[in-house]
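Student: So here's upload37.txt (compact mmCIF, C-alpha atoms).
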# COMPACT_ATOMS: atom_id res chain seq x y z
CA MET A 1 54.54 54.29 33.12
CA LYS A 2 53.66 56.31 30.07
CA LEU A 3 51.16 59.03 30.72
CA SER A 4 48.42 59.31 28.17
CA THR A 5 47.98 62.62 26.40
CA PRO A 6 44.61 64.19 27.11
CA ALA A 7 42.47 64.83 24.07
CA ALA A 8 41.88 68.54 24.61
CA THR A 9 44.99 70.54 25.46
CA LEU A 10 44.00 73.80 23.82
CA ILE A 11 41.23 76.05 25.07
CA LYS A 12 40.17 78.56 22.46
CA THR A 13 37.92 81.36 23.67
CA LYS A 14 36.65 83.71 21.03
CA SER A 15 35.32 87.18 21.58
CA SER A 16 34.12 89.59 18.92
CA LYS A 17 37.64 90.71 18.01
CA TYR A 18 40.25 88.35 19.50
CA ALA A 19 40.74 84.67 20.17
CA ILE A 20 42.52 83.84 23.44
CA ASN A 21 44.22 80.44 23.33
CA VAL A 22 45.52 78.56 26.39
CA ILE A 23 47.61 75.43 25.92
CA THR A 24 46.60 73.86 29.21
CA GLU A 25 49.33 71.22 29.41
CA ARG A 26 52.03 73.91 29.43
CA CYS A 27 50.55 76.13 32.13
CA LYS A 28 52.36 76.14 35.49
CA GLU A 29 49.89 78.29 37.41
CA CYS A 30 52.37 81.10 38.14
CA GLY A 31 49.69 83.78 37.70
CA ILE A 32 51.85 86.35 35.89
CA CYS A 33 49.41 86.59 32.95
CA VAL A 34 46.53 87.24 35.36
CA ALA A 35 48.54 90.02 37.01
CA VAL A 36 49.80 91.77 33.86
CA CYS A 37 46.51 91.83 31.94
CA PRO A 38 45.42 95.49 31.91
CA THR A 39 41.71 94.68 31.56
CA LYS A 40 41.57 91.58 33.82
CA VAL A 41 40.45 89.13 31.16
CA LEU A 42 42.10 86.09 32.70
CA ALA A 43 41.39 84.26 35.94
CA ARG A 44 42.77 81.28 37.81
CA GLY A 45 40.87 78.15 36.88
CA ASP A 46 39.59 75.23 38.93
CA SER A 47 40.38 72.26 36.70
CA ARG A 48 43.83 70.75 36.76
CA ASN A 49 46.08 69.61 33.93
CA ARG A 50 48.10 66.39 33.78
CA ARG A 51 50.85 67.81 36.03
CA GLY A 52 48.42 69.02 38.67
CA TYR A 53 48.51 72.74 37.90
CA ARG A 54 45.24 74.65 37.81
CA TYR A 55 45.56 76.33 34.44
CA VAL A 56 44.39 79.84 33.74
CA VAL A 57 41.09 80.44 31.92
CA PRO A 58 39.92 83.49 29.94
CA ALA A 59 36.99 84.47 32.15
CA TYR A 60 35.97 87.72 30.46
CA PRO A 61 37.08 87.39 26.81
CA ASP A 62 34.96 90.33 25.66
CA LYS A 63 37.19 92.71 27.62
CA CYS A 64 40.30 91.72 25.60
CA ILE A 65 42.00 94.61 23.80
CA GLY A 66 44.62 92.46 22.05
CA CYS A 67 47.70 93.97 23.73
CA LYS A 68 49.33 90.51 24.01
CA MET A 69 50.92 91.28 27.40
CA CYS A 70 49.87 87.79 28.56
CA GLU A 71 51.51 86.19 25.54
CA TYR A 72 54.75 88.15 25.97
CA SER A 73 54.85 87.58 29.75
CA CYS A 74 54.05 83.87 29.82
CA PRO A 75 57.23 82.00 30.80
CA ASP A 76 55.95 78.69 29.45
CA PHE A 77 54.60 79.56 25.98
CA ALA A 78 51.15 78.51 27.17
CA ILE A 79 48.98 81.44 26.10
CA PHE A 80 48.63 83.39 22.86
CA VAL A 81 46.19 85.85 21.39
CA GLU A 82 45.06 85.96 17.78
CA ALA A 83 43.06 88.59 15.98
CA GLY A 84 39.71 87.59 14.58
CA MET B 85 46.83 70.43 17.00
CA ALA B 86 45.71 72.80 14.36
CA VAL B 87 46.43 75.94 16.32
CA THR B 88 49.88 76.23 17.86
CA HIS B 89 51.82 78.91 19.65
CA PRO B 90 53.45 81.40 17.24
CA LEU B 91 56.90 80.52 18.62
CA ASP B 92 56.45 76.75 18.19
CA PRO B 93 58.44 76.68 14.88
CA TYR B 94 61.47 77.86 16.88
CA LEU B 95 61.00 75.52 19.84
CA ARG B 96 61.77 71.89 20.47
CA VAL B 97 58.19 71.32 21.55
CA ASP B 98 58.83 67.80 22.83
CA ARG B 99 60.96 69.37 25.59
CA ILE B 100 58.24 71.83 26.66
CA PRO B 101 57.24 72.39 29.49
CA THR B 102 60.64 73.64 30.53
CA MET B 103 62.54 72.55 33.63
CA TRP B 104 62.24 76.04 35.13
CA CYS B 105 60.13 76.68 38.22
CA PRO B 106 56.66 78.21 37.86
CA GLY B 107 56.94 81.95 37.35
CA CYS B 108 60.65 81.94 36.43
CA GLY B 109 61.60 84.94 34.32
CA LEU B 110 63.79 82.87 32.00
CA GLY B 111 60.86 81.74 29.88
CA ILE B 112 59.87 85.36 29.26
CA ALA B 113 63.45 86.16 28.25
CA LEU B 114 63.58 83.18 25.89
CA GLY B 115 60.30 84.23 24.29
CA ALA B 116 61.63 87.75 23.69
CA ILE B 117 64.89 86.39 22.20
CA LEU B 118 62.98 84.11 19.83
CA ARG B 119 60.62 86.88 18.72
CA ALA B 120 63.61 89.15 17.99
CA ILE B 121 65.31 86.38 16.00
CA ASP B 122 62.06 85.73 14.15
CA ARG B 123 61.89 89.36 13.07
CA ARG B 124 65.50 89.30 11.86
CA ILE B 125 64.90 86.04 9.95
CA GLU B 126 61.86 87.52 8.23
CA GLU B 127 63.94 90.55 7.26
CA GLY B 128 66.51 88.22 5.70
CA LEU B 129 69.41 89.34 7.91
CA LEU B 130 69.77 85.97 9.62
CA LYS B 131 69.25 82.41 8.47
CA LYS B 132 67.78 79.79 10.74
CA GLU B 133 70.62 77.34 10.06
CA ASN B 134 73.26 79.99 10.85
CA ILE B 135 72.22 80.65 14.43
CA ALA B 136 73.82 78.82 17.33
CA PHE B 137 73.07 79.07 21.02
CA VAL B 138 75.89 78.43 23.48
CA GLY B 139 75.47 78.17 27.22
CA GLY B 140 77.53 77.09 30.16
CA ILE B 141 76.03 75.72 33.36
CA GLY B 142 73.06 77.04 35.23
CA CYS B 143 69.35 77.55 34.86
CA THR B 144 69.85 80.16 32.13
CA ALA B 145 72.27 78.02 30.17
CA ARG B 146 69.57 75.36 30.01
CA MET B 147 67.92 77.79 27.62
CA THR B 148 70.13 76.30 24.89
CA LEU B 149 68.07 73.09 25.04
CA TYR B 150 64.75 74.60 24.01
CA PRO B 151 65.19 76.65 20.79
CA TYR B 152 65.26 74.68 17.53
CA PHE B 153 68.69 75.93 16.46
CA ASP B 154 72.20 74.53 16.73
CA SER B 155 73.18 74.61 20.36
CA ALA B 156 76.02 73.68 22.66
CA HIS B 157 75.95 73.17 26.40
CA VAL B 158 79.55 73.45 27.55
CA ILE B 159 81.48 73.55 30.84
CA HIS B 160 80.83 76.14 33.48
CA GLY B 161 81.69 79.70 32.42
CA ARG B 162 83.38 78.63 29.18
CA ALA B 163 80.60 79.44 26.74
CA ILE B 164 82.38 82.55 25.39
CA PRO B 165 85.67 80.86 24.32
CA PHE B 166 83.68 78.07 22.68
CA ALA B 167 81.62 80.60 20.76
CA ILE B 168 84.68 82.60 19.65
CA ALA B 169 86.22 79.42 18.24
CA VAL B 170 83.08 78.62 16.24
CA LYS B 171 82.88 82.21 15.01
CA VAL B 172 86.50 82.22 13.81
CA VAL B 173 86.08 78.97 11.88
CA LYS B 174 82.62 79.80 10.50
CA PRO B 175 82.27 83.59 10.31
CA GLU B 176 78.76 83.35 8.81
CA MET B 177 77.39 82.00 12.10
CA LYS B 178 75.51 84.23 14.53
CA MET B 179 76.59 83.16 17.99
CA VAL B 180 74.14 83.80 20.78
CA ILE B 181 75.58 83.20 24.23
CA VAL B 182 73.07 82.81 27.01
CA GLY B 183 74.19 82.55 30.59
CA GLY B 184 73.26 83.58 34.05
CA ASP B 185 75.07 86.09 36.19
CA GLY B 186 76.96 83.24 37.86
CA ASP B 187 78.01 81.72 34.55
CA ILE B 188 79.05 84.91 32.73
CA ALA B 189 80.03 87.41 35.43
CA ALA B 190 81.41 85.17 38.17
CA ILE B 191 82.88 81.90 36.94
CA GLY B 192 83.28 83.02 33.34
CA GLY B 193 84.24 86.55 34.33
CA ASN B 194 87.77 86.34 32.98
CA HIS B 195 86.54 85.09 29.61
CA LEU B 196 84.04 87.93 29.49
CA LEU B 197 86.84 90.46 30.12
CA HIS B 198 88.92 89.17 27.24
CA ALA B 199 85.99 88.85 24.85
CA LEU B 200 85.10 92.47 25.63
CA LYS B 201 88.69 93.55 25.16
CA ARG B 202 88.81 91.85 21.75
CA ASN B 203 85.37 93.16 20.80
CA ALA B 204 84.64 89.61 19.61
CA ASP B 205 81.69 89.29 17.26
CA LEU B 206 79.21 87.71 19.66
CA LEU B 207 75.88 88.46 21.22
CA VAL B 208 76.17 87.87 24.96
CA ILE B 209 72.86 87.77 26.83
CA MET B 210 73.35 87.70 30.58
CA VAL B 211 70.12 86.94 32.39
CA ASN B 212 70.64 88.33 35.86
CA ASN B 213 68.50 86.81 38.58
CA MET B 214 70.88 88.15 41.28
CA THR B 215 71.67 84.76 42.78
CA TYR B 216 72.98 81.27 42.03
CA GLY B 217 69.59 79.73 41.37
CA MET B 218 70.44 76.18 40.34
CA THR B 219 72.72 75.37 43.27
CA GLY B 220 70.46 76.70 46.01
CA GLY B 221 70.65 80.47 46.21
CA GLN B 222 74.21 81.26 47.25
CA LEU B 223 75.59 84.80 47.21
CA ALA B 224 76.47 85.93 43.68
CA PRO B 225 78.66 88.93 42.80
CA THR B 226 75.54 90.57 41.39
CA THR B 227 73.43 90.20 44.54
CA PRO B 228 72.49 93.72 45.68
CA ARG B 229 73.88 94.84 49.04
CA GLY B 230 71.85 94.07 52.12
CA LEU B 231 69.75 91.25 50.68
CA TYR B 232 69.35 87.88 52.37
CA THR B 233 70.49 84.74 50.59
CA THR B 234 71.17 81.16 51.66
CA THR B 235 74.80 81.97 52.47
CA THR B 236 74.22 85.48 53.88
CA PRO B 237 71.49 84.99 56.50
CA TYR B 238 72.29 88.39 58.09
CA GLY B 239 72.29 90.30 54.79
CA ASN B 240 74.85 90.74 52.04
CA PRO B 241 77.68 93.01 53.27
CA GLU B 242 79.45 93.27 49.90
CA ARG B 243 79.09 95.76 47.08
CA GLU B 244 77.33 94.48 43.99
CA LEU B 245 79.03 94.06 40.61
CA ASN B 246 77.60 96.31 37.91
CA VAL B 247 78.43 94.37 34.76
CA ILE B 248 77.15 97.17 32.51
CA LYS B 249 79.93 99.48 33.72
CA LEU B 250 82.46 96.70 33.20
CA ALA B 251 81.31 96.05 29.64
CA ALA B 252 81.29 99.75 28.78
CA ALA B 253 84.75 100.30 30.25
CA LEU B 254 86.29 97.51 28.19
CA GLY B 255 84.82 98.75 24.92
CA ALA B 256 81.93 96.60 23.77
CA ASN B 257 80.07 97.93 20.73
CA TYR B 258 76.62 97.64 22.24
CA VAL B 259 75.83 97.61 25.96
CA ALA B 260 72.24 97.58 27.14
CA ARG B 261 70.25 96.52 30.13
CA SER B 262 66.67 95.37 29.93
CA SER B 263 64.18 93.59 32.12
CA ILE B 264 61.67 90.76 31.76
CA THR B 265 59.05 93.07 33.22
CA HIS B 266 59.21 95.04 29.95
CA PRO B 267 59.05 92.23 27.35
CA GLN B 268 58.49 94.44 24.30
CA LEU B 269 61.46 96.62 25.21
CA LEU B 270 63.57 93.52 25.80
CA GLU B 271 62.60 92.20 22.36
CA ARG B 272 63.54 95.52 20.73
CA THR B 273 66.91 95.58 22.53
CA ILE B 274 67.81 92.08 21.37
CA TYR B 275 66.51 92.84 17.87
CA LYS B 276 68.95 95.74 17.69
CA ALA B 277 71.80 93.78 19.25
CA LEU B 278 71.45 90.99 16.66
CA ALA B 279 72.48 93.37 13.86
CA LYS B 280 75.62 94.74 15.55
CA ARG B 281 79.16 93.75 14.64
CA GLY B 282 81.57 93.41 17.52
CA LEU B 283 80.43 92.40 20.96
CA ALA B 284 76.85 93.16 21.92
CA PHE B 285 76.20 92.74 25.62
CA VAL B 286 72.64 92.67 26.90
CA GLU B 287 71.91 92.28 30.59
CA VAL B 288 68.39 91.07 31.32
CA LEU B 289 67.07 91.57 34.83
CA SER B 290 65.06 88.54 35.79
CA THR B 291 63.22 86.98 38.70
CA CYS B 292 63.88 83.84 40.70
CA PRO B 293 60.91 83.49 43.04
CA GLU B 294 61.66 79.96 44.20
CA ILE B 295 65.26 80.44 45.38
CA PHE B 296 65.95 84.20 45.53
CA GLY B 297 62.47 85.44 46.41
CA ARG B 298 61.83 83.17 49.36
CA HIS B 299 64.70 84.70 51.38
CA ILE B 300 63.45 88.26 50.88
CA GLY B 301 59.77 87.53 51.51
CA LEU B 302 58.67 87.50 47.87
CA ARG B 303 58.04 83.80 47.38
CA ASN B 304 55.04 84.36 45.10
CA PRO B 305 56.13 84.83 41.44
CA VAL B 306 53.68 87.69 40.94
CA ASP B 307 54.94 89.55 44.04
CA LEU B 308 58.57 89.38 42.91
CA TYR B 309 57.62 90.33 39.34
CA MET B 310 55.69 93.39 40.54
CA GLU B 311 58.49 94.36 42.96
CA LEU B 312 61.05 94.26 40.14
CA LYS B 313 58.70 96.21 37.89
CA LYS B 314 58.45 98.93 40.55
CA LYS B 315 62.24 99.16 40.89
CA VAL B 316 62.97 99.35 37.15
CA THR B 317 63.28 102.80 35.55
CA VAL B 318 63.41 103.15 31.76
CA LYS B 319 65.65 105.90 30.41
CA THR B 320 66.30 106.85 26.80
CA ASN B 321 70.01 107.12 25.99
CA PRO B 322 71.25 107.13 29.60
CA SER B 323 74.93 107.80 30.30
CA ILE B 324 77.01 105.08 31.89
CA GLU B 325 77.10 106.97 35.21
CA GLU B 326 73.34 106.66 35.37
CA SER B 327 73.42 102.86 35.27
CA ASP B 328 72.10 102.45 38.81
CA TYR B 329 72.13 98.91 40.11
CA ASP B 330 70.82 98.99 43.63
CA TRP B 331 67.91 97.29 45.39
CA GLY B 332 67.00 100.45 47.26
CA ARG B 333 67.44 103.10 44.53
CA GLY B 334 66.28 100.77 41.79
CA PHE B 335 67.62 99.66 38.44
CA VAL B 336 68.01 101.81 35.33
CA ILE B 337 67.43 100.09 32.00
CA GLY B 338 68.21 101.36 28.53
CA GLU B 339 70.96 101.47 25.90
CA PHE B 340 74.16 102.67 27.53
CA VAL B 341 76.64 102.24 24.70
CA ASP B 342 75.95 102.06 20.97
CA ARG B 343 78.95 102.49 18.66
CA ASP B 344 80.29 100.84 15.54
CA GLU B 345 83.94 99.94 15.88
CA PRO B 346 85.62 97.09 13.98
CA GLY B 347 85.14 93.76 15.69
CA PHE B 348 87.57 90.90 16.29
CA LEU B 349 87.14 89.34 12.84
CA ASP B 350 87.37 92.64 10.94
CA THR B 351 90.59 93.55 12.73
CA TYR B 352 92.15 90.17 12.01
CA ARG B 353 91.13 90.26 8.34
CA GLU B 354 92.70 93.68 7.97
CA TYR B 355 96.01 92.54 9.51
CA ILE B 356 96.08 89.35 7.45
CA SER B 357 95.50 91.19 4.19
CA LYS B 358 98.16 93.74 5.18
CA SER B 359 100.71 91.03 5.97
CA PHE B 360 99.98 88.72 3.02
CA GLY B 361 99.25 91.32 0.39
CA GLY B 362 95.51 90.92 0.20
CA GLY B 363 93.40 88.10 -1.16
CA ALA B 364 95.11 85.52 0.99
CA VAL B 365 92.06 84.92 3.16
How would this structure read if it were set down as structure tokens?
Tutor:
Amino acid sequence: MKLSTPAATLIKTKSSKYAINVITERCKECGICVAVCPTKVLARGDSRNRRGYRYVVPAYPDKCIGCKMCEYSCPDFAIFVEAG
Amino acid sequence: MAVTHPLDPYLRVDRIPTMWCPGCGLGIALGAILRAIDRRIEEGLLKKENIAFVGGIGCTARMTLYPYFDSAHVIHGRAIPFAIAVKVVKPEMKMVIVGGDGDIAAIGGNHLLHALKRNADLLVIMVNNMTYGMTGGQLAPTTPRGLYTTTTPYGNPERELNVIKLAAALGANYVARSSITHPQLLERTIYKALAKRGLAFVEVLSTCPEIFGRHIGLRNPVDLYMELKKKVTVKTNPSIEESDYDWGRGFVIGEFVDRDEPGFLDTYREYISKSFGGGAV
């Protein structure tokens, strides 16, 4: 059975300075990004992706300082931060 | 998708998500390696088509499947001889050997000794998760003393193998230890190692929550990550005697050896030109 690809796999949350992007289909719900974020921007989400993992969501994007610790510490290339 | 991850040009995206368990440190290590390579490519020191990943067997060696470079997945522990052969035939290649502690220090240990002795022009990245992860968490030579594993249910009675001391004793040009809990430092270490001639050996402390962590009560990836972060001490220019590798005292990371001696290929070129009067090769 071929699984269909969901239409929206990228969540882009913009704050005044940074855009926090989560590629939901890659997230494995390990929680490392939530733990390493120094300003607690991220939180565990409630919706699930195609593989059944509850992907992380940027709950407080305005707190982001752009340190990219979440991007560097994500084992699955699922999250990245852009300026602007 | 209009917006993609910055590392997507270096990844075989059709193979993502990886086969690694949630919270495995290998993905963090791979990200740091790719960012270091990206910086060297932008500087013009490396070319994308001249990089090859070689790995043996194990979770870490599966890392060869994900970057969009030439790669070889060879028999257990034999990644180093394969890479030396490629390097001798095509000296312009940059060989990156990725392997776990089981692949490089245990089963491929003899090959590592001889590559170190020759100072072969390779970059060896040993991702150390302190156990045999893929086969079910058996005791590895790098498991710290006293820890519980699948095969040591009363604790590990043996001394642990400190591969940093081994690599320094046999004369590698660059010996460093880093940790996935410090991803920027890990990236800088690999960035530096990519420019070295001779053998550059980088040990990367990593986590294995699913197989290693469950026996020591740290089954949650975040718990094991934070525990490793607490145990890691960063030192600038530490001596080789300071390379502590102990679960109780902690782990010291930093650059232990950094020298510039002729590598395997330089030595051979010199002898060939001496014997054949120069210009022969």
Student: With 10 Å as the threshold, what does the neighbourhood of (37.2, 90.1, 27.1) contain in terms of residues, counting all atoms listed in the file? Coordinates are those of the file; answer as a list in words.
Tutor: Thr13, Lys14, Ser15, Ser16, Lys17, Tyr18, Ala19, Ile20, Thr39, Lys40, Val41, Leu42, Pro58, Ala59, Tyr60, Pro61, Asp62, Lys63, Cys64, Ile65 and Gly66 of chain A
Student: Tell me, as a PyMOL selection string, which residues lie within 10 Å of A:Ala43, counting only C-alpha atoms; anything in the same chain fewer than 6 positions away does not count.
Tutor: chain A and resi 31+33-35+37+55-60
Student: For the contact check between chain B and chain A, emit one row per residue of chain B within 10 Å, containing the shortest atom pair and the distance in Å rounded to one decimal, counting only C-alpha atoms, chain then rising number order, as a Markdown table.
Tutor:
| residue | atom | partner | partner_atom | distance |
| --- | --- | --- | --- | --- |
| B:Met85 | CA | A:Leu10 | CA | 8.1 |
| B:Ala86 | CA | A:Leu10 | CA | 9.7 |
| B:Val87 | CA | A:Leu10 | CA | 8.2 |
| B:Thr88 | CA | A:Ile23 | CA | 8.4 |
| B:His89 | CA | A:Phe80 | CA | 6.4 |
| B:Pro90 | CA | A:Phe80 | CA | 7.7 |
| B:Leu91 | CA | A:Phe77 | CA | 7.8 |
| B:Asp92 | CA | A:Phe77 | CA | 8.5 |
| B:Leu95 | CA | A:Phe77 | CA | 9.7 |
| B:Ile100 | CA | A:Arg26 | CA | 7.1 |
| B:Pro101 | CA | A:Arg26 | CA | 5.4 |
| B:Thr102 | CA | A:Asp76 | CA | 7.0 |
| B:Met103 | CA | A:Asp76 | CA | 9.9 |
| B:Trp104 | CA | A:Asp76 | CA | 8.9 |
| B:Cys105 | CA | A:Lys28 | CA | 8.3 |
| B:Pro106 | CA | A:Cys30 | CA | 5.2 |
| B:Gly107 | CA | A:Cys30 | CA | 4.7 |
| B:Cys108 | CA | A:Pro75 | CA | 6.6 |
| B:Gly109 | CA | A:Pro75 | CA | 6.3 |
| B:Leu110 | CA | A:Pro75 | CA | 6.7 |
| B:Gly111 | CA | A:Pro75 | CA | 3.8 |
| B:Ile112 | CA | A:Pro75 | CA | 4.5 |
| B:Ala113 | CA | A:Pro75 | CA | 7.9 |
| B:Leu114 | CA | A:Pro75 | CA | 8.1 |
| B:Gly115 | CA | A:Tyr72 | CA | 7.0 |
| B:Ala116 | CA | A:Tyr72 | CA | 7.3 |
| B:Arg119 | CA | A:Tyr72 | CA | 9.4 |
| B:Ile264 | CA | A:Ser73 | CA | 7.8 |
| B:Thr265 | CA | A:Ser73 | CA | 7.7 |
| B:His266 | CA | A:Ser73 | CA | 8.6 |
| B:Pro267 | CA | A:Tyr72 | CA | 6.1 |
| B:Gln268 | CA | A:Tyr72 | CA | 7.5 |
| B:Glu271 | CA | A:Tyr72 | CA | 9.5 |
| B:Asn304 | CA | A:Cys30 | CA | 8.1 |
| B:Pro305 | CA | A:Cys30 | CA | 6.2 |
| B:Val306 | CA | A:Ile32 | CA | 5.5 |
| B:Asp307 | CA | A:Ile32 | CA | 9.3 |
| B:Tyr309 | CA | A:Ile32 | CA | 7.8 |
| B:Met310 | CA | A:Ala35 | CA | 8.7 |
Student: What is the atom CA of B:Gln222 to atom CA of B:Gly142 distance in Å?
Tutor: 12.8 Å
Student: Looking at B:Arg298, B:Arg162, B:Lys132, B:Arg343, which one is nearest to B:Asn257, with distances taken over only C-alpha atoms?
Tutor: B:Arg343
Student: Could you state the separation of atom CA of B:Ala260 and atom CA of B:Ala167 in Å, given to one decimal place?
Tutor: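 Interatomic distance, atom CA of B:Ala260 to atom CA of B:Ala167: 20.4 Å.
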Student: For atom CA of B:Ala256 and atom CA of B:Gly332, quote the distance in Å rounded to one decimal.
Tutor: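 If I compute the distance from atom CA of B:Ala256 to atom CA of B:Gly332, I get 28.1 Å.
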Student: Complete stretch 153-179 of chain B with N, CA and C atoms (output as an mmCIF file, keeping the file's coordinate frame).
Tutor:
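The result, written out as part.cif:
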data_model
loop_
_atom_site.group_PDB
_atom_site.id
_atom_site.type_symbol
_atom_site.label_atom_id
_atom_site.label_comp_id
_atom_site.auth_asym_id
_atom_site.auth_seq_id
_atom_site.Cartn_x
_atom_site.Cartn_y
_atom_site.Cartn_z
ATOM 1 N N PHE B 153 67.509 75.502 17.206
ATOM 2 C CA PHE B 153 68.690 75.930 16.460
ATOM 3 C C PHE B 153 69.838 75.018 16.877
ATOM 4 N N ASP B 154 71.003 75.203 16.224
ATOM 5 C CA ASP B 154 72.200 74.530 16.730
ATOM 6 C C ASP B 154 72.459 75.034 18.131
ATOM 7 N N SER B 155 72.906 74.135 19.014
ATOM 8 C CA SER B 155 73.180 74.610 20.360
ATOM 9 C C SER B 155 74.260 73.764 20.999
ATOM 10 N N ALA B 156 74.968 74.382 21.937
ATOM 11 C CA ALA B 156 76.020 73.680 22.660
ATOM 12 C C ALA B 156 75.883 74.021 24.136
ATOM 13 N N HIS B 157 76.036 73.012 24.951
ATOM 14 C CA HIS B 157 75.950 73.170 26.400
ATOM 15 C C HIS B 157 77.306 72.762 26.928
ATOM 16 N N VAL B 158 78.145 73.736 27.274
ATOM 17 C CA VAL B 158 79.550 73.450 27.550
ATOM 18 C C VAL B 158 79.854 73.596 29.038
ATOM 19 N N ILE B 159 81.145 73.539 29.408
ATOM 20 C CA ILE B 159 81.480 73.550 30.840
ATOM 21 C C ILE B 159 81.268 74.937 31.438
ATOM 22 N N HIS B 160 81.280 74.973 32.733
ATOM 23 C CA HIS B 160 80.830 76.140 33.480
ATOM 24 C C HIS B 160 81.673 77.381 33.164
ATOM 25 N N GLY B 161 81.015 78.432 32.667
ATOM 26 C CA GLY B 161 81.690 79.700 32.420
ATOM 27 C C GLY B 161 82.439 79.766 31.113
ATOM 28 N N ARG B 162 82.525 78.684 30.374
ATOM 29 C CA ARG B 162 83.380 78.630 29.180
ATOM 30 C C ARG B 162 82.579 78.718 27.892
ATOM 31 N N ALA B 163 81.414 79.317 27.947
ATOM 32 C CA ALA B 163 80.600 79.440 26.740
ATOM 33 C C ALA B 163 81.235 80.430 25.761
ATOM 34 N N ILE B 164 81.847 81.504 26.277
ATOM 35 C CA ILE B 164 82.380 82.550 25.390
ATOM 36 C C ILE B 164 83.572 82.037 24.567
ATOM 37 N N PRO B 165 84.588 81.384 25.161
ATOM 38 C CA PRO B 165 85.670 80.860 24.320
ATOM 39 C C PRO B 165 85.193 79.858 23.279
ATOM 40 N N PHE B 166 84.238 79.022 23.647
ATOM 41 C CA PHE B 166 83.680 78.070 22.680
ATOM 42 C C PHE B 166 83.073 78.818 21.505
ATOM 43 N N ALA B 167 82.309 79.859 21.810
ATOM 44 C CA ALA B 167 81.620 80.600 20.760
ATOM 45 C C ALA B 167 82.608 81.352 19.877
ATOM 46 N N ILE B 168 83.677 81.893 20.468
ATOM 47 C CA ILE B 168 84.680 82.600 19.650
ATOM 48 C C ILE B 168 85.315 81.623 18.669
ATOM 49 N N ALA B 169 85.604 80.407 19.121
ATOM 50 C CA ALA B 169 86.220 79.420 18.240
ATOM 51 C C ALA B 169 85.311 79.106 17.066
ATOM 52 N N VAL B 170 84.019 78.917 17.331
ATOM 53 C CA VAL B 170 83.080 78.620 16.240
ATOM 54 C C VAL B 170 83.021 79.795 15.272
ATOM 55 N N LYS B 171 83.002 81.002 15.826
ATOM 56 C CA LYS B 171 82.880 82.210 15.010
ATOM 57 C C LYS B 171 84.104 82.384 14.108
ATOM 58 N N VAL B 172 85.289 82.057 14.608
ATOM 59 C CA VAL B 172 86.500 82.220 13.810
ATOM 60 C C VAL B 172 86.509 81.222 12.661
ATOM 61 N N VAL B 173 86.061 79.996 12.924
ATOM 62 C CA VAL B 173 86.080 78.970 11.880
ATOM 63 C C VAL B 173 84.953 79.199 10.879
ATOM 64 N N LYS B 174 83.774 79.590 11.389
ATOM 65 C CA LYS B 174 82.620 79.800 10.500
ATOM 66 C C LYS B 174 82.085 81.205 10.715
ATOM 67 N N PRO B 175 82.653 82.195 10.022
ATOM 68 C CA PRO B 175 82.270 83.590 10.310
ATOM 69 C C PRO B 175 80.828 83.908 9.953
ATOM 70 N N GLU B 176 80.153 83.054 9.174
ATOM 71 C CA GLU B 176 78.760 83.350 8.810
ATOM 72 C C GLU B 176 77.802 83.030 9.950
ATOM 73 N N MET B 177 78.279 82.359 10.990
ATOM 74 C CA MET B 177 77.390 82.000 12.100
ATOM 75 C C MET B 177 77.083 83.212 12.969
ATOM 76 N N LYS B 178 75.880 83.225 13.524
ATOM 77 C CA LYS B 178 75.510 84.230 14.530
ATOM 78 C C LYS B 178 75.516 83.502 15.866
ATOM 79 N N MET B 179 76.470 83.853 16.714
ATOM 80 C CA MET B 179 76.590 83.160 17.990
ATOM 81 C C MET B 179 75.824 83.920 19.065
#
